[in-house]
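Everything below concerns the one structure shown next.
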Amino acid sequence: MSDAPKADPVAAIRRFSRFYTRRIGLLHERYLGAALTLPEGRLVWELADRGTAAPGRLAAELGLDAGYLSRLVKGLEERGLIARRPDPGDARSSLLTLTAAGQDAFATIDGQSRAEVAGLVAGLPAVEQDRLVAALGTAEQLLGGGAPAFVLRPPRPGDIGHVVSRHGALYAAEYGWDGSFEGLVAEIAAGFIRDFDPAREACWIAERGGAVVGSAFLVKHGEDTAKIRLVYVEPSARGLGIGAAMVAACIAFARARGYRRVTLWTHSILVAARRLYERAGFRLVAAEPHRSFGHDLVAETWELVLEDVPVMAGQPITG
């Protein structure tokens with residue numbers, strides 16, 4: 001039996017709460033320097049995330065008194081940030097949505113929040129960022145918030161072979177591509193392992209519930225250009241933002257390592273991937289028909305010029 005005193009979870013949680021609220025500025029009168037209080041900012045964020053919502057449901061889910069929420073909504077309506085319309089499914093209720101001005105207010109506080117969180121983690125090495133994400137996920141789970149959706153981490157022994165296998169199986173099942181595609185993936189993976197430059201290259205493995213559910217690689221493609229390769233997400237984990245998080249991690253890493261642009265190679269039939277890259281700021285710069293993997297395809301090259309894209313917060317640790 002150890003004679004060491006037991007840790008006091010109440011004191012530890014209170015200490016961390018004081019540290020974090022001070023560090024991210026929650027004690028300030030206005031949320032993130034905007035003309036909104038913290039409750040107003042949270043309400044704007046919820047409506048931006050949901051699109052529309054009934055006041056009663058918002059009050060219940062946010063744990064707010066209905067009267068207090070009503071006063072918040074009224075104030076935001078008077079300032080032109082929130083609009084109200086009848087609820088077609090319930091004549092006794094209404095639906096709230098952000099106006100154009102409300103969307104602008106959200107964009108301001110969201111961008112500022114991302115920038116502040118980016119500042120918090122900017123000095124942490126990738127492995128420490130992974131530890132932070134895992135610790136936050138564990139805290140959320142233990143305190144009743146549910147399991148984290150996913151974690152991005154560096155590869156472990158066996159992971160890259162797994163990535164090759166899953167690429168081959170998924171593209172065969174979903175697009176009918178033959179074994180030559182798996183062969184190409186194996187060549188890319190082998191080259192990454194053989195020539196890996198940790199100062200300028202990286203790999204992210206997406207993990208959910210202890211299982212590998214995705215990957216992304218960033219490799220040198222010239223002195224000032226990096227290339228994203230081998231991005232995939234398991235069907236069971238799609239819709240959680242994993243692909244966007246991995247692409248964001250690639251962009252953040254490329255920027256930190258001094259690359260001026262990021263490029264990637266994909267195909268026109270990969271519709272979801274193309275939307276993902278476009279949302280991240282990539283632009284289609286070339287397209288070429290070819291026959292590969294047993295099919296007639298259109299290969300596409302997409303490019304992102306990093307000077308044209310603002311720094312986004314927290315990208316390498318999204319999860």
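Within each chain, counting starts at residue 1; across the structure tokens, chains are named A, B, ... in the order shown, with ligands numbered 1 upward in that order.
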Q: Write out as a PyMOL selection string all residues of range 66-308 of chain A that backbone DSSP assigns to strand (DSSP E).
A: chain A and resi 82-87+90-98+151-153+202-208+211-220+225-233+261-267+283-292+295-305
Q. Could you pull the residues within 8 Å of Ala53 in chain A, counting only C-alpha atoms, minus those fewer than 2 positions along the same chain, as a list in words?
A.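 Here the qualifying residues turn out to be Leu47, Arg50, Gly51, Pro55, Arg57, Leu58, Leu95, Leu96 and Thr97 of chain A.
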Could those residues be written to a file, using all heavy atoms, as an mmCIF file, in the first residue's frame?
data_model
loop_
_atom_site.group_PDB
_atom_site.id
_atom_site.type_symbol
_atom_site.label_atom_id
_atom_site.label_comp_id
_atom_site.auth_asym_id
_atom_site.auth_seq_id
_atom_site.Cartn_x
_atom_site.Cartn_y
_atom_site.Cartn_z
ATOM 1 N N LEU A 47 -26.647 28.473 -33.377
ATOM 2 C CA LEU A 47 -27.489 28.682 -34.551
ATOM 3 C C LEU A 47 -26.684 28.555 -35.841
ATOM 4 O O LEU A 47 -27.198 28.060 -36.855
ATOM 5 C CB LEU A 47 -28.175 30.049 -34.476
ATOM 6 C CG LEU A 47 -29.282 30.146 -33.433
ATOM 7 C CD1 LEU A 47 -29.822 31.573 -33.344
ATOM 8 C CD2 LEU A 47 -30.417 29.181 -33.747
ATOM 9 N N ARG A 50 -26.384 24.741 -36.263
ATOM 10 C CA ARG A 50 -27.621 24.004 -36.513
ATOM 11 C C ARG A 50 -28.403 24.518 -37.724
ATOM 12 O O ARG A 50 -29.196 23.791 -38.309
ATOM 13 C CB ARG A 50 -28.541 24.101 -35.291
ATOM 14 C CG ARG A 50 -27.950 23.537 -34.010
ATOM 15 C CD ARG A 50 -28.742 24.021 -32.812
ATOM 16 N NE ARG A 50 -28.122 23.626 -31.551
ATOM 17 C CZ ARG A 50 -28.658 22.767 -30.704
ATOM 18 N NH1 ARG A 50 -29.813 22.209 -30.975
ATOM 19 N NH2 ARG A 50 -28.043 22.462 -29.582
ATOM 20 N N GLY A 51 -28.212 25.774 -38.071
ATOM 21 C CA GLY A 51 -29.000 26.384 -39.138
ATOM 22 C C GLY A 51 -30.264 27.009 -38.586
ATOM 23 O O GLY A 51 -30.460 28.220 -38.657
ATOM 24 N N PRO A 55 -36.526 27.749 -29.819
ATOM 25 C CA PRO A 55 -36.011 28.282 -28.547
ATOM 26 C C PRO A 55 -36.100 27.288 -27.396
ATOM 27 O O PRO A 55 -35.173 27.185 -26.584
ATOM 28 C CB PRO A 55 -36.900 29.509 -28.301
ATOM 29 C CG PRO A 55 -37.399 29.904 -29.653
ATOM 30 C CD PRO A 55 -37.540 28.623 -30.416
ATOM 31 N N ARG A 57 -35.959 24.018 -27.416
ATOM 32 C CA ARG A 57 -34.930 22.982 -27.504
ATOM 33 C C ARG A 57 -33.556 23.555 -27.159
ATOM 34 O O ARG A 57 -32.763 22.911 -26.470
ATOM 35 C CB ARG A 57 -34.908 22.393 -28.904
ATOM 36 C CG ARG A 57 -33.762 21.415 -29.132
ATOM 37 C CD ARG A 57 -33.940 20.603 -30.380
ATOM 38 N NE ARG A 57 -35.038 19.660 -30.219
ATOM 39 C CZ ARG A 57 -35.335 18.716 -31.128
ATOM 40 N NH1 ARG A 57 -34.647 18.611 -32.234
ATOM 41 N NH2 ARG A 57 -36.334 17.883 -30.899
ATOM 42 N N LEU A 58 -33.286 24.783 -27.616
ATOM 43 C CA LEU A 58 -32.008 25.412 -27.281
ATOM 44 C C LEU A 58 -31.866 25.581 -25.777
ATOM 45 O O LEU A 58 -30.810 25.293 -25.205
ATOM 46 C CB LEU A 58 -31.902 26.780 -27.966
ATOM 47 C CG LEU A 58 -31.444 26.807 -29.420
ATOM 48 C CD1 LEU A 58 -31.495 28.242 -29.945
ATOM 49 C CD2 LEU A 58 -30.037 26.244 -29.560
ATOM 50 N N LEU A 95 -39.076 29.228 -34.973
ATOM 51 C CA LEU A 95 -37.728 28.784 -35.288
ATOM 52 C C LEU A 95 -36.806 29.987 -35.378
ATOM 53 O O LEU A 95 -37.175 31.031 -35.936
ATOM 54 C CB LEU A 95 -37.700 28.006 -36.616
ATOM 55 C CG LEU A 95 -38.427 26.664 -36.622
ATOM 56 C CD1 LEU A 95 -38.398 26.059 -38.026
ATOM 57 C CD2 LEU A 95 -37.799 25.698 -35.622
ATOM 58 N N LEU A 96 -35.609 29.840 -34.840
ATOM 59 C CA LEU A 96 -34.619 30.909 -34.872
ATOM 60 C C LEU A 96 -33.552 30.596 -35.914
ATOM 61 O O LEU A 96 -33.174 29.444 -36.105
ATOM 62 C CB LEU A 96 -33.948 31.054 -33.503
ATOM 63 C CG LEU A 96 -34.871 31.291 -32.302
ATOM 64 C CD1 LEU A 96 -34.047 31.307 -31.020
ATOM 65 C CD2 LEU A 96 -35.651 32.576 -32.472
ATOM 66 N N THR A 97 -33.071 31.628 -36.552
ATOM 67 C CA THR A 97 -31.972 31.464 -37.509
ATOM 68 C C THR A 97 -31.140 32.728 -37.507
ATOM 69 O O THR A 97 -31.615 33.805 -37.102
ATOM 70 C CB THR A 97 -32.515 31.174 -38.923
ATOM 71 O OG1 THR A 97 -31.431 30.858 -39.794
ATOM 72 C CG2 THR A 97 -33.262 32.382 -39.486
#
Q. DSSP on the backbone: what in range 78-124 of chain A comes out alpha helix (DSSP H), as a list in words?
A. Glu78, Ala100, Ala101, Gly102, Gln103, Asp104, Ala105, Phe106, Ala107, Thr108, Ile109, Asp110, Gly111, Gln112, Ser113, Arg114, Ala115, Glu116, Val117, Ala118, Gly119, Leu120 and Val121 of chain A
Nearby residues (only C-alpha atoms) at most 8 Å from range 204-206 of chain A, same-chain spacing under 6 positions excluded, as a short mmCIF file (atom, residue, chain, number, x, y, z; two decimals) with N, CA and C atoms, in the first residue's frame:
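The resulting part-v5.cif:
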data_model
loop_
_atom_site.label_atom_id
_atom_site.label_comp_id
_atom_site.auth_asym_id
_atom_site.auth_seq_id
_atom_site.Cartn_x
_atom_site.Cartn_y
_atom_site.Cartn_z
N PHE A 150 -12.76 11.04 -32.71
CA PHE A 150 -11.55 10.44 -33.27
C PHE A 150 -10.33 11.20 -32.76
N VAL A 151 -9.18 10.60 -32.98
CA VAL A 151 -7.89 11.21 -32.63
C VAL A 151 -6.97 11.04 -33.83
N LEU A 152 -6.19 12.07 -34.14
CA LEU A 152 -5.13 11.95 -35.14
C LEU A 152 -3.82 11.74 -34.41
N ARG A 153 -3.06 10.75 -34.85
CA ARG A 153 -1.80 10.42 -34.19
C ARG A 153 -0.76 10.02 -35.24
N PRO A 154 0.53 10.00 -34.84
CA PRO A 154 1.56 9.51 -35.75
C PRO A 154 1.41 8.01 -35.98
N PRO A 155 1.99 7.49 -37.06
CA PRO A 155 1.87 6.05 -37.33
C PRO A 155 2.69 5.21 -36.35
N ASP A 159 0.95 0.20 -39.04
CA ASP A 159 -0.10 1.10 -39.52
C ASP A 159 -0.03 1.32 -41.03
N VAL A 212 -8.06 1.88 -36.41
CA VAL A 212 -7.60 2.80 -37.45
C VAL A 212 -8.75 3.03 -38.43
N VAL A 213 -9.10 4.31 -38.65
CA VAL A 213 -10.23 4.62 -39.53
C VAL A 213 -9.86 5.60 -40.65
N GLY A 214 -8.58 5.91 -40.80
CA GLY A 214 -8.20 6.81 -41.87
C GLY A 214 -6.73 7.16 -41.83
N SER A 215 -6.27 7.80 -42.89
CA SER A 215 -4.87 8.21 -42.96
C SER A 215 -4.70 9.39 -43.89
N ALA A 216 -3.59 10.08 -43.74
CA ALA A 216 -3.16 11.13 -44.67
C ALA A 216 -1.65 11.26 -44.55
N PHE A 217 -0.99 11.48 -45.68
CA PHE A 217 0.46 11.65 -45.73
C PHE A 217 0.77 13.00 -46.36
N ILE A 242 -13.33 13.68 -40.16
CA ILE A 242 -11.98 13.13 -40.12
C ILE A 242 -11.17 13.59 -41.34
N MET A 246 -7.72 15.82 -41.23
CA MET A 246 -6.43 15.35 -41.74
C MET A 246 -5.88 16.31 -42.79
#
Kindly provide the residues of range 153-211 of chain A that approach range 287-294 of chain A to within 7 Å, each paired with its closest atom pair and their distance in Å to one decimal, based on only C-alpha atoms, listed by chain and increasing number, as CSV.
residue,atom,partner,partner_atom,distance
A:Trp177,CA,A:Phe293,CA,5.0
A:Asp178,CA,A:Phe293,CA,5.0
A:Ser180,CA,A:Phe293,CA,5.5
A:Phe181,CA,A:Phe293,CA,5.5
